[in-house]
>>> print(open('structure.cif').read())   # mmCIF, C-alpha atoms
data_my_file
loop_
_atom_site.label_atom_id
_atom_site.label_comp_id
_atom_site.auth_asym_id
_atom_site.auth_seq_id
_atom_site.Cartn_x
_atom_site.Cartn_y
_atom_site.Cartn_z
CA MET A 17 88.72 121.67 77.19
CA ILE A 18 89.55 120.74 80.75
CA THR A 19 88.72 122.91 83.74
CA LEU A 20 91.30 123.08 86.47
CA LYS A 21 90.53 124.87 89.74
CA VAL A 22 93.91 126.07 90.91
CA ASN A 23 94.46 128.33 93.92
CA GLY A 24 90.87 129.50 93.87
CA GLU A 25 90.67 130.27 90.15
CA SER A 26 89.19 128.23 87.33
CA HIS A 27 91.25 127.75 84.18
CA GLU A 28 90.08 126.28 80.88
CA LEU A 29 92.91 124.37 79.26
CA ASP A 30 92.98 122.79 75.84
CA VAL A 31 95.21 119.87 76.79
CA SER A 32 95.14 116.08 76.74
CA PRO A 33 93.53 114.52 79.84
CA GLU A 34 96.66 112.40 80.12
CA MET A 35 98.96 115.41 80.50
CA PRO A 36 100.67 115.37 83.91
CA LEU A 37 99.21 118.08 86.14
CA LEU A 38 102.71 119.47 86.72
CA TRP A 39 103.05 120.33 83.02
CA ALA A 40 99.79 122.30 83.20
CA LEU A 41 100.79 124.09 86.40
CA ARG A 42 104.27 125.12 85.31
CA ASP A 43 104.04 125.50 81.54
CA ARG A 44 100.45 126.65 81.04
CA LEU A 45 99.64 128.46 84.29
CA HIS A 46 103.24 129.54 85.02
CA LEU A 47 103.07 128.46 88.64
CA THR A 48 106.72 127.53 88.93
CA GLY A 49 106.93 127.14 92.70
CA THR A 50 106.12 123.45 92.23
CA LYS A 51 109.25 121.68 91.00
CA PHE A 52 110.03 118.93 88.57
CA GLY A 53 112.34 116.34 90.12
CA CYS A 54 112.23 112.77 88.88
CA GLY A 55 109.07 112.82 86.78
CA LYS A 56 107.86 109.49 88.09
CA ALA A 57 106.51 110.05 91.59
CA MET A 58 109.69 108.96 93.29
CA CYS A 59 110.99 112.21 94.79
CA GLY A 60 108.07 114.40 95.90
CA ALA A 61 109.41 117.71 94.53
CA CYS A 62 106.17 118.19 92.59
CA THR A 63 103.82 117.72 95.54
CA VAL A 64 100.66 119.85 95.52
CA HIS A 65 97.30 119.42 97.24
CA ILE A 66 94.22 118.02 95.51
CA ASP A 67 91.10 118.23 97.65
CA GLY A 68 93.39 118.57 100.66
CA GLN A 69 95.39 115.43 99.93
CA ALA A 70 99.03 115.36 98.86
CA ALA A 71 99.44 114.69 95.14
CA ARG A 72 102.53 114.13 93.02
CA SER A 73 101.64 116.42 90.17
CA CYS A 74 104.09 114.74 87.77
CA SER A 75 102.04 111.59 88.10
CA ILE A 76 98.48 112.75 88.62
CA MET A 77 97.01 113.52 85.23
CA VAL A 78 95.06 116.63 84.29
CA GLY A 79 91.93 114.53 83.65
CA GLU A 80 92.16 113.11 87.16
CA ALA A 81 92.50 116.55 88.75
CA ALA A 82 89.78 118.21 86.65
CA GLY A 83 87.04 119.77 88.74
CA LYS A 84 88.89 119.19 92.01
CA THR A 85 90.42 121.81 94.28
CA ILE A 86 94.12 122.13 93.50
CA THR A 87 96.41 124.15 95.75
CA THR A 88 100.05 124.88 95.05
CA ILE A 89 102.82 126.28 97.24
CA GLU A 90 102.04 129.78 95.94
CA ALA A 91 98.64 129.86 97.62
CA VAL A 92 98.65 127.34 100.43
CA SER A 93 97.26 129.02 103.53
CA GLY A 94 95.74 128.52 106.93
CA LYS A 95 97.00 127.84 110.44
CA VAL A 96 98.86 124.66 109.62
CA ALA A 97 100.53 126.15 106.56
CA GLU A 98 101.63 129.15 108.61
CA ALA A 99 102.99 126.99 111.42
CA VAL A 100 104.97 124.88 108.97
CA THR A 101 106.47 127.74 106.98
CA GLN A 102 107.35 129.64 110.15
CA ALA A 103 109.05 126.60 111.66
CA TRP A 104 110.88 126.11 108.36
CA GLN A 105 112.22 129.65 108.49
CA ARG A 106 112.95 129.66 112.22
CA LEU A 107 115.05 126.49 111.99
CA ASP A 108 116.55 127.43 108.63
CA VAL A 109 115.60 124.02 107.29
CA VAL A 110 116.43 124.72 103.69
CA GLN A 111 119.79 123.83 102.21
CA CYS A 112 119.59 124.15 98.41
CA GLY A 113 115.81 124.53 98.61
CA TYR A 114 114.83 122.61 95.52
CA CYS A 115 112.69 120.08 97.38
CA GLN A 116 111.24 122.45 99.94
CA SER A 117 107.93 123.29 98.29
CA GLY A 118 107.16 119.57 98.06
CA GLN A 119 108.38 118.97 101.62
CA ILE A 120 106.21 121.78 102.97
CA MET A 121 103.11 120.61 101.07
CA SER A 122 103.52 117.08 102.46
CA ALA A 123 104.21 118.34 105.99
CA ILE A 124 100.97 120.37 105.88
CA VAL A 125 98.97 117.29 104.92
CA LEU A 126 100.62 115.29 107.70
CA LEU A 127 99.92 117.90 110.39
CA THR A 128 96.39 118.54 109.18
CA GLY A 129 95.50 114.91 109.86
CA ASN A 130 97.83 114.27 112.79
CA LYS A 131 98.29 117.03 115.37
CA ALA A 132 101.10 115.30 117.26
CA PRO A 133 103.06 113.08 114.90
CA THR A 134 105.74 110.78 116.26
CA ASP A 135 109.07 110.35 114.51
CA GLU A 136 107.64 107.21 112.92
CA ASP A 137 104.55 109.07 111.69
CA ILE A 138 106.82 111.70 110.16
CA ASP A 139 109.00 109.09 108.48
CA LEU A 140 106.02 107.22 107.04
CA SER A 141 104.32 110.35 105.80
CA MET A 142 107.39 112.17 104.46
CA GLU A 143 108.96 109.06 102.91
CA GLY A 144 108.02 110.19 99.41
CA ASN A 145 109.87 113.51 99.67
CA ILE A 146 113.55 113.15 98.93
CA CYS A 147 116.09 115.79 99.99
CA ARG A 148 119.39 115.41 98.21
CA CYS A 149 121.07 117.74 100.70
CA GLY A 150 120.09 115.39 103.50
CA THR A 151 118.22 117.87 105.67
CA TYR A 152 115.93 115.19 107.06
CA VAL A 153 116.88 115.87 110.69
CA ARG A 154 115.97 119.53 110.28
CA ILE A 155 112.76 118.68 108.45
CA ARG A 156 111.70 116.34 111.23
CA HIS A 157 112.60 118.96 113.86
CA ALA A 158 110.58 121.61 112.03
CA ILE A 159 107.52 119.37 111.84
CA HIS A 160 107.71 118.75 115.61
CA GLU A 161 108.10 122.49 116.16
CA ALA A 162 105.12 123.27 113.95
CA ALA A 163 103.04 120.66 115.83
CA LYS A 164 103.98 122.30 119.15
CA SER A 165 103.02 125.73 117.90
CA LEU A 166 99.64 124.38 116.78
CA ALA A 167 98.91 122.63 120.11
CA MET B 20 47.72 59.83 44.53
CA ARG B 21 48.46 57.07 46.93
CA ILE B 22 51.62 56.23 45.08
CA SER B 23 52.72 59.84 45.12
CA GLU B 24 51.88 60.20 48.84
CA SER B 25 53.86 57.20 49.84
CA PRO B 26 57.35 58.74 49.66
CA LEU B 27 56.06 61.67 51.68
CA ARG B 28 54.80 59.34 54.39
CA ASN B 29 58.09 57.53 54.30
CA ASN B 30 59.90 60.81 54.71
CA HIS B 31 57.76 61.65 57.73
CA PHE B 32 58.55 58.30 59.18
CA SER B 33 62.26 58.69 58.54
CA VAL B 34 62.42 62.15 60.08
CA ALA B 35 60.45 60.96 63.11
CA PHE B 36 62.69 57.94 63.45
CA ILE B 37 65.88 59.97 63.21
CA LEU B 38 64.60 62.51 65.72
CA ALA B 39 63.64 59.71 68.08
CA VAL B 40 67.09 58.15 67.76
CA ILE B 41 68.76 61.49 68.35
CA GLY B 42 66.47 62.07 71.31
CA ILE B 43 67.37 58.74 72.87
CA ALA B 44 71.04 59.35 72.16
CA LEU B 45 70.91 62.80 73.75
CA SER B 46 68.98 61.68 76.77
CA SER B 47 71.25 58.70 77.36
CA THR B 48 74.35 60.92 76.98
CA GLY B 49 72.74 63.37 79.39
CA ALA B 50 72.03 60.61 81.86
CA ALA B 51 75.57 59.34 81.59
CA ARG B 52 76.93 62.84 82.12
CA THR B 53 74.73 63.46 85.14
CA ALA B 54 75.77 60.17 86.70
CA ALA B 55 79.46 60.92 86.20
CA ALA B 56 79.20 64.67 86.91
CA PRO B 57 80.85 65.04 90.29
CA ALA B 58 84.11 63.34 89.32
CA ASP B 59 84.28 64.89 85.84
CA ASP B 60 83.34 68.38 86.94
CA GLN B 61 85.64 68.22 89.93
CA ALA B 62 88.55 67.27 87.71
CA ALA B 63 87.69 70.11 85.35
CA SER B 64 87.33 72.43 88.33
CA LEU B 65 90.76 71.49 89.64
CA ALA B 66 92.33 71.89 86.21
CA ALA B 67 90.70 75.32 85.92
CA TRP B 68 92.00 76.28 89.37
CA ASN B 69 95.56 75.46 88.33
CA GLU B 70 95.23 78.05 85.56
CA ILE B 71 93.60 80.57 87.90
CA ALA B 72 96.38 80.14 90.47
CA THR B 73 99.02 81.17 87.95
CA VAL B 74 97.06 84.38 87.42
CA LEU B 75 96.53 85.16 91.10
CA GLN B 76 100.21 84.48 91.82
CA ASN B 77 101.32 86.76 89.00
CA PRO B 78 102.97 90.01 90.19
CA ARG B 79 100.07 92.04 88.75
CA CYS B 80 97.78 90.48 91.36
CA LEU B 81 100.11 89.36 94.12
CA ASN B 82 102.05 92.63 94.47
CA CYS B 83 99.12 94.26 96.26
CA HIS B 84 97.88 91.19 98.16
CA GLN B 85 100.56 91.77 100.79
CA LEU B 86 100.44 92.29 104.53
CA ASP B 87 101.53 95.87 105.17
CA SER B 88 103.35 97.20 102.11
CA PRO B 89 102.93 96.40 98.42
CA LEU B 90 105.60 95.03 96.15
CA GLN B 91 106.49 96.65 92.85
CA GLY B 92 107.32 95.57 89.33
CA ASP B 93 107.80 92.20 87.70
CA SER B 94 110.75 91.52 90.04
CA ARG B 95 108.45 91.91 93.08
CA ARG B 96 110.79 94.22 94.93
CA ALA B 97 109.64 96.42 97.80
CA HIS B 98 107.56 99.41 96.70
CA ILE B 99 109.66 102.54 96.27
CA PRO B 100 108.93 104.84 98.00
CA HIS B 101 108.02 102.88 101.11
CA VAL B 102 104.28 102.94 101.76
CA VAL B 103 102.18 101.31 104.48
CA ARG B 104 98.63 100.03 104.58
CA GLY B 105 97.02 102.51 107.00
CA PRO B 106 93.52 102.17 108.42
CA ASP B 107 91.68 102.16 105.06
CA ASN B 108 94.20 100.10 103.02
CA GLN B 109 95.16 103.25 101.11
CA GLY B 110 98.18 104.53 103.01
CA VAL B 111 98.81 107.23 105.61
CA GLY B 112 99.33 111.00 105.75
CA ALA B 113 101.03 112.32 102.65
CA MET B 114 101.76 108.80 101.41
CA ARG B 115 98.45 107.53 100.13
CA CYS B 116 97.93 105.41 97.02
CA GLY B 117 95.89 108.09 95.27
CA ASN B 118 98.69 110.62 95.74
CA CYS B 119 100.41 109.04 92.73
CA HIS B 120 98.07 106.40 91.24
CA ASN B 121 95.27 107.75 89.06
CA ASN B 122 91.72 106.40 89.19
CA MET B 123 91.56 107.00 85.44
CA GLY B 124 94.35 104.52 84.71
CA ASN B 125 98.03 104.29 83.91
CA ASN B 126 100.00 107.48 83.45
CA PRO B 127 101.91 107.02 80.18
CA THR B 128 104.30 109.89 80.99
CA SER B 129 105.43 109.04 84.52
CA GLY B 130 104.86 105.30 84.10
CA THR B 131 102.85 105.15 87.31
CA PRO B 132 100.20 102.42 87.06
CA GLY B 133 96.62 103.26 87.95
CA GLY B 134 93.07 102.05 88.22
CA LEU B 135 89.89 102.79 90.09
CA HIS B 136 90.34 102.80 93.92
CA TRP B 137 94.00 101.73 93.83
CA GLN B 138 94.76 100.15 97.21
CA LEU B 139 96.29 97.24 99.10
CA ALA B 140 93.97 94.25 99.20
CA PRO B 141 92.38 93.86 102.66
CA VAL B 142 94.40 91.90 105.23
CA SER B 143 92.00 88.94 104.97
CA MET B 144 93.10 88.63 101.35
CA LEU B 145 96.78 88.21 102.20
CA TRP B 146 98.05 85.81 99.51
CA GLN B 147 101.80 86.20 99.89
CA GLY B 148 103.50 82.89 100.63
CA LEU B 149 100.42 80.71 100.13
CA SER B 150 100.63 77.41 98.26
CA SER B 151 98.18 76.92 95.40
CA GLY B 152 95.94 74.84 97.70
CA ASP B 153 95.98 77.38 100.52
CA LEU B 154 95.37 80.21 98.06
CA CYS B 155 92.42 78.27 96.64
CA ARG B 156 90.91 77.79 100.10
CA ALA B 157 91.46 81.47 100.90
CA VAL B 158 89.77 82.59 97.69
CA LYS B 159 86.64 80.50 98.22
CA ASP B 160 86.35 81.26 101.95
CA ALA B 161 83.59 83.89 102.26
CA LYS B 162 85.13 85.07 105.55
CA ARG B 163 88.35 85.94 103.74
CA ASN B 164 87.18 86.84 100.24
CA GLY B 165 84.94 89.81 100.99
CA ASN B 166 81.87 87.62 101.53
CA ARG B 167 81.68 86.50 97.89
CA ASP B 168 79.99 83.33 96.69
CA GLY B 169 81.03 81.57 93.48
CA ALA B 170 78.96 83.82 91.24
CA ALA B 171 80.35 86.93 92.91
CA LEU B 172 83.90 85.63 92.48
CA VAL B 173 83.26 85.12 88.76
CA LYS B 174 81.85 88.64 88.51
CA HIS B 175 84.82 90.02 90.43
CA MET B 176 87.16 88.41 87.92
CA GLU B 177 84.97 89.62 85.07
CA ASP B 178 84.64 93.34 85.76
CA GLU B 179 86.48 94.60 88.86
CA ALA B 180 88.66 97.55 87.77
CA LEU B 181 91.73 96.46 89.70
CA VAL B 182 91.44 92.92 88.33
CA LEU B 183 91.21 94.23 84.77
CA TYR B 184 94.33 96.31 85.39
CA GLY B 185 96.27 93.02 85.30
CA TRP B 186 95.68 92.87 81.55
CA ASN B 187 96.54 96.54 81.00
CA PRO B 188 99.55 97.15 83.23
CA GLY B 189 101.17 99.92 81.21
CA LYS B 190 104.66 100.17 79.80
CA GLY B 191 107.42 98.30 81.60
CA ARG B 192 105.22 95.74 83.32
CA GLU B 193 104.21 92.34 82.01
CA SER B 194 100.56 91.58 81.52
CA VAL B 195 98.90 88.58 83.16
CA PRO B 196 99.94 85.80 80.73
CA ILE B 197 96.52 84.13 80.24
CA PRO B 198 93.85 86.06 78.28
CA HIS B 199 91.18 87.62 80.47
CA LYS B 200 88.33 85.83 78.68
CA LYS B 201 90.00 82.48 79.29
CA VAL B 202 90.47 83.20 83.00
CA VAL B 203 86.80 84.17 83.36
CA GLU B 204 85.87 80.87 81.66
CA ASP B 205 88.22 79.05 84.04
CA MET B 206 86.52 80.75 86.99
CA LYS B 207 83.12 79.57 85.74
CA ILE B 208 84.37 76.00 85.35
CA TRP B 209 86.04 76.13 88.76
CA VAL B 210 82.83 77.36 90.42
CA ALA B 211 80.55 74.97 88.48
CA GLY B 212 82.68 72.04 89.57
CA GLY B 213 82.43 72.93 93.25
CA MET B 214 85.52 75.15 93.62
CA ALA B 215 87.90 72.22 93.87
CA CYS B 216 91.23 72.87 95.57
CA PRO B 217 94.52 70.98 95.48
CA ASN B 218 95.42 69.28 98.76
#
>>> encode(input="structure.cif", output="structure tokens")
Amino acid sequence: MITLKVNGESHELDVSPEMPLLWALRDRLHLTGTKFGCGKAMCGACTVHIDGQAARSCSIMVGEAAGKTITTIEAVSGKVAEAVTQAWQRLDVVQCGYCQSGQIMSAIVLLTGNKAPTDEDIDLSMEGNICRCGTYVRIRHAIHEAAKSLA
Amino acid sequence: MRISESPLRNNHFSVAFILAVIGIALSSTGAARTAAAPADDQAASLAAWNEIATVLQNPRCLNCHQLDSPLQGDSRRAHIPHVVRGPDNQGVGAMRCGNCHNNMGNNPTSGTPGGLHWQLAPVSMLWQGLSSGDLCRAVKDAKRNGNRDGAALVKHMEDEALVLYGWNPGKGRESVPIPHKKVVEDMKIWVAGGMACPN
């Protein structure tokens, strides 16, 4: 049995330690806000937080995440999370929306560690989150807006 | 009695004689080896280095001994997605090595390789573009090798998790071509012979 601490609750799962965390989140715990994109850590749609760091849940294995604090889009909270989601809504960032939970989770990690990111900081930090609709300009704008609202 | 003791005495004599001869032979071989040691051991050291260099220049090692961003795969292309070193050699913001690479090892489902404390090698251990001789001098230079002496370098090759990864790269990546045991032996020979480097 593996214990996963997800969104403040502990779950005992009878799964292989090599199972990707995303499988456990979506198929066992039914937390479907985190998306499957490429399945090999190339697109960022599956981004969650593990101990406050971004994590591609398709690639991080259940055994690696066991005992750590896992947060998904359903429960992410706090000042930074609020600033990011509000900026996202205010600027209507989303096009199709499939990548947005991953984008938002990465943006929160970026702004938590860097209160005033430059365009370059944003590019380097958000590089792993692909948006097939091409909303990168809006994403960047929203991150600047969120940073301003947090200042 | 005397007659029956005689062969026994002869046997004692023979054994003693043979041991003495072996002793002389061993000691003279030892003396010869000691006298010729520097040249012989240096040649062996250099030969061992040539093997070691092929390992260190293999993509499994060299891909992460880069300046600012790692390479990826057997073809040594740029890492996708783009990642940068950052202040602790483990990336920046939401693009850190551990975001995708597991400490517990390779992920057989996503294909992402992994190993304990996955990271870019420190800048002092930049190996990209070095000739075998320059690589050799970099590896034995305590200022550039993490302050390791010969014994520590052997140990590093023997049991460092990220070194061992080279022999267990996961599906889709070629393993280091020389067996790990052989490379450790080569390291010992290289160190014992004075860490000889090509010019």
>>> interface_residues(input="structure.cif", of="chain A", to="chain B", cutoff="6 Å", atoms="all atoms listed in the file", output="mmCIF file with C-alpha atoms, keeping the file's coordinate frame")
data_model
loop_
_atom_site.group_PDB
_atom_site.id
_atom_site.type_symbol
_atom_site.label_atom_id
_atom_site.label_comp_id
_atom_site.auth_asym_id
_atom_site.auth_seq_id
_atom_site.Cartn_x
_atom_site.Cartn_y
_atom_site.Cartn_z
ATOM 1 C CA GLY A 55 109.070 112.820 86.780
ATOM 2 C CA LYS A 56 107.860 109.490 88.090
ATOM 3 C CA ALA A 70 99.030 115.360 98.860
ATOM 4 C CA ALA A 71 99.440 114.690 95.140
ATOM 5 C CA ARG A 72 102.530 114.130 93.020
ATOM 6 C CA SER A 75 102.040 111.590 88.100
ATOM 7 C CA ILE A 76 98.480 112.750 88.620
ATOM 8 C CA SER A 122 103.520 117.080 102.460
ATOM 9 C CA VAL A 125 98.970 117.290 104.920
ATOM 10 C CA LEU A 126 100.620 115.290 107.700
ATOM 11 C CA SER A 141 104.320 110.350 105.800
ATOM 12 C CA GLY A 144 108.020 110.190 99.410
#
>>> resolve_selection(input="structure.cif", expression="the PyMOL selection byres ((chain A and resi 24-41) around 6)", output="list in words")
Met17, Ile18, Thr19, Leu20, Lys21, Val22, Asn23, Arg42, Asp43, Arg44, Leu45, Leu47, Ser73, Cys74, Ser75, Ile76, Met77, Val78 and Gly79 of chain A
>>> resolve_selection(input="structure.cif", expression="the PyMOL selection byres ((chain B and resi 78) around 10)", output="ChimeraX atom specification")
/B:73-77,79-84,90-95,185,192-195
>>> atom_distance(input="structure.cif", atom1="CA of Ala97 in chain A", atom2="CA of Thr50 in chain A")
15.6 Å
>>> resolve_selection(input="structure.cif", expression="the PyMOL selection byres ((chain B and resi 108) around 10)", output="list in words")
Asp87, Ser88, Val103, Arg104, Gly105, Pro106, Asp107, Gln109, Gly110, Val111, Arg115, Cys116, Trp137, Gln138, Leu139, Ala140, Pro141 and Val142 of chain B
>>> atom_distance(input="structure.cif", atom1="CA of Gly152 in chain B", atom2="CA of Pro188 in chain B")
26.8 Å
>>> residues_near_point(input="structure.cif", point="(90.6, 77.0, 89.6)", cutoff="7 Å", atoms="only C-alpha atoms", output="ChimeraX atom specification")
/B:64-72,205-206,209,214-215
>>> residues_around(input="structure.cif", residues="Asn218 in chain B", least_positions_apart="4", cutoff="10 Å", atoms="all atoms listed in the file", output="ChimeraX atom specification")
/B:150-153,155-156
>>> residues_around(input="structure.cif", residues="Ile89 in chain A", least_positions_apart="4", cutoff="9 Å", atoms="only C-alpha atoms", output="list in words")
Leu47, Gly49, Thr50, Thr63, Val64, His65, Ser93, Ser117, Gly118, Ile120 and Met121 of chain A
>>> write_last_selection(input="structure.cif", atoms="C-alpha atoms", output="PDB file, keeping the file's coordinate frame")
ATOM      1  CA  LEU A  47     103.070 128.460  88.640  1.00  0.00           C
ATOM      2  CA  GLY A  49     106.930 127.140  92.700  1.00  0.00           C
ATOM      3  CA  THR A  50     106.120 123.450  92.230  1.00  0.00           C
ATOM      4  CA  THR A  63     103.820 117.720  95.540  1.00  0.00           C
ATOM      5  CA  VAL A  64     100.660 119.850  95.520  1.00  0.00           C
ATOM      6  CA  HIS A  65      97.300 119.420  97.240  1.00  0.00           C
ATOM      7  CA  SER A  93      97.260 129.020 103.530  1.00  0.00           C
ATOM      8  CA  SER A 117     107.930 123.290  98.290  1.00  0.00           C
ATOM      9  CA  GLY A 118     107.160 119.570  98.060  1.00  0.00           C
ATOM     10  CA  ILE A 120     106.210 121.780 102.970  1.00  0.00           C
ATOM     11  CA  MET A 121     103.110 120.610 101.070  1.00  0.00           C
TER      12      MET A 121
END
>>> residues_around(input="structure.cif", residues="Leu127 in chain A", least_positions_apart="5", cutoff="8 Å", atoms="all atoms listed in the file", output="list in words")
Val96, Ala132, Pro133, Ile159 and Ala163 of chain A
>>> write_last_selection(input="structure.cif", atoms="C-alpha atoms", output="PDB file, in the frame of the given file")
ATOM      1  CA  VAL A  96      98.860 124.660 109.620  1.00  0.00           C
ATOM      2  CA  ALA A 132     101.100 115.300 117.260  1.00  0.00           C
ATOM      3  CA  PRO A 133     103.060 113.080 114.900  1.00  0.00           C
ATOM      4  CA  ILE A 159     107.520 119.370 111.840  1.00  0.00           C
ATOM      5  CA  ALA A 163     103.040 120.660 115.830  1.00  0.00           C
TER       6      ALA A 163
END
>>> closest_residue(input="structure.cif", among="B:Lys207, B:His98, B:Lys174, B:Arg163", to="Met58 in chain A", atoms="all atoms listed in the file")
B:His98
>>> atom_distance(input="structure.cif", atom1="CA of Asp67 in chain A", atom2="CA of Gln102 in chain A")
23.5 Å
>>> build_atoms(input="structure.cif", residues="range 134-146 of chain A", atoms="N, CA and C atoms", output="short mmCIF file (atom, residue, chain, number, x, y, z; two decimals), in the frame of the given file")
data_model
loop_
_atom_site.label_atom_id
_atom_site.label_comp_id
_atom_site.auth_asym_id
_atom_site.auth_seq_id
_atom_site.Cartn_x
_atom_site.Cartn_y
_atom_site.Cartn_z
N THR A 134 104.50 111.34 115.71
CA THR A 134 105.74 110.78 116.26
C THR A 134 106.79 110.79 115.15
N ASP A 135 108.02 110.45 115.54
CA ASP A 135 109.07 110.35 114.51
C ASP A 135 108.66 109.34 113.45
N GLU A 136 108.04 108.24 113.89
CA GLU A 136 107.64 107.21 112.92
C GLU A 136 106.56 107.75 111.97
N ASP A 137 105.59 108.48 112.54
CA ASP A 137 104.55 109.07 111.69
C ASP A 137 105.18 109.98 110.63
N ILE A 138 106.16 110.76 111.09
CA ILE A 138 106.82 111.70 110.16
C ILE A 138 107.55 110.92 109.06
N ASP A 139 108.27 109.89 109.48
CA ASP A 139 109.00 109.09 108.48
C ASP A 139 108.05 108.48 107.46
N LEU A 140 106.96 107.90 107.94
CA LEU A 140 106.02 107.22 107.04
C LEU A 140 105.32 108.19 106.09
N SER A 141 105.06 109.39 106.61
CA SER A 141 104.32 110.35 105.80
C SER A 141 105.21 111.13 104.84
N MET A 142 106.48 111.34 105.26
CA MET A 142 107.39 112.17 104.46
C MET A 142 108.33 111.31 103.61
N GLU A 143 108.12 110.01 103.64
CA GLU A 143 108.96 109.06 102.91
C GLU A 143 109.09 109.40 101.42
N GLY A 144 108.03 109.93 100.85
CA GLY A 144 108.02 110.19 99.41
C GLY A 144 108.69 111.48 99.01
N ASN A 145 109.20 112.23 99.98
CA ASN A 145 109.87 113.51 99.67
C ASN A 145 111.37 113.37 99.92
N ILE A 146 112.11 113.34 98.84
CA ILE A 146 113.55 113.15 98.93
C ILE A 146 114.24 114.52 99.04
#
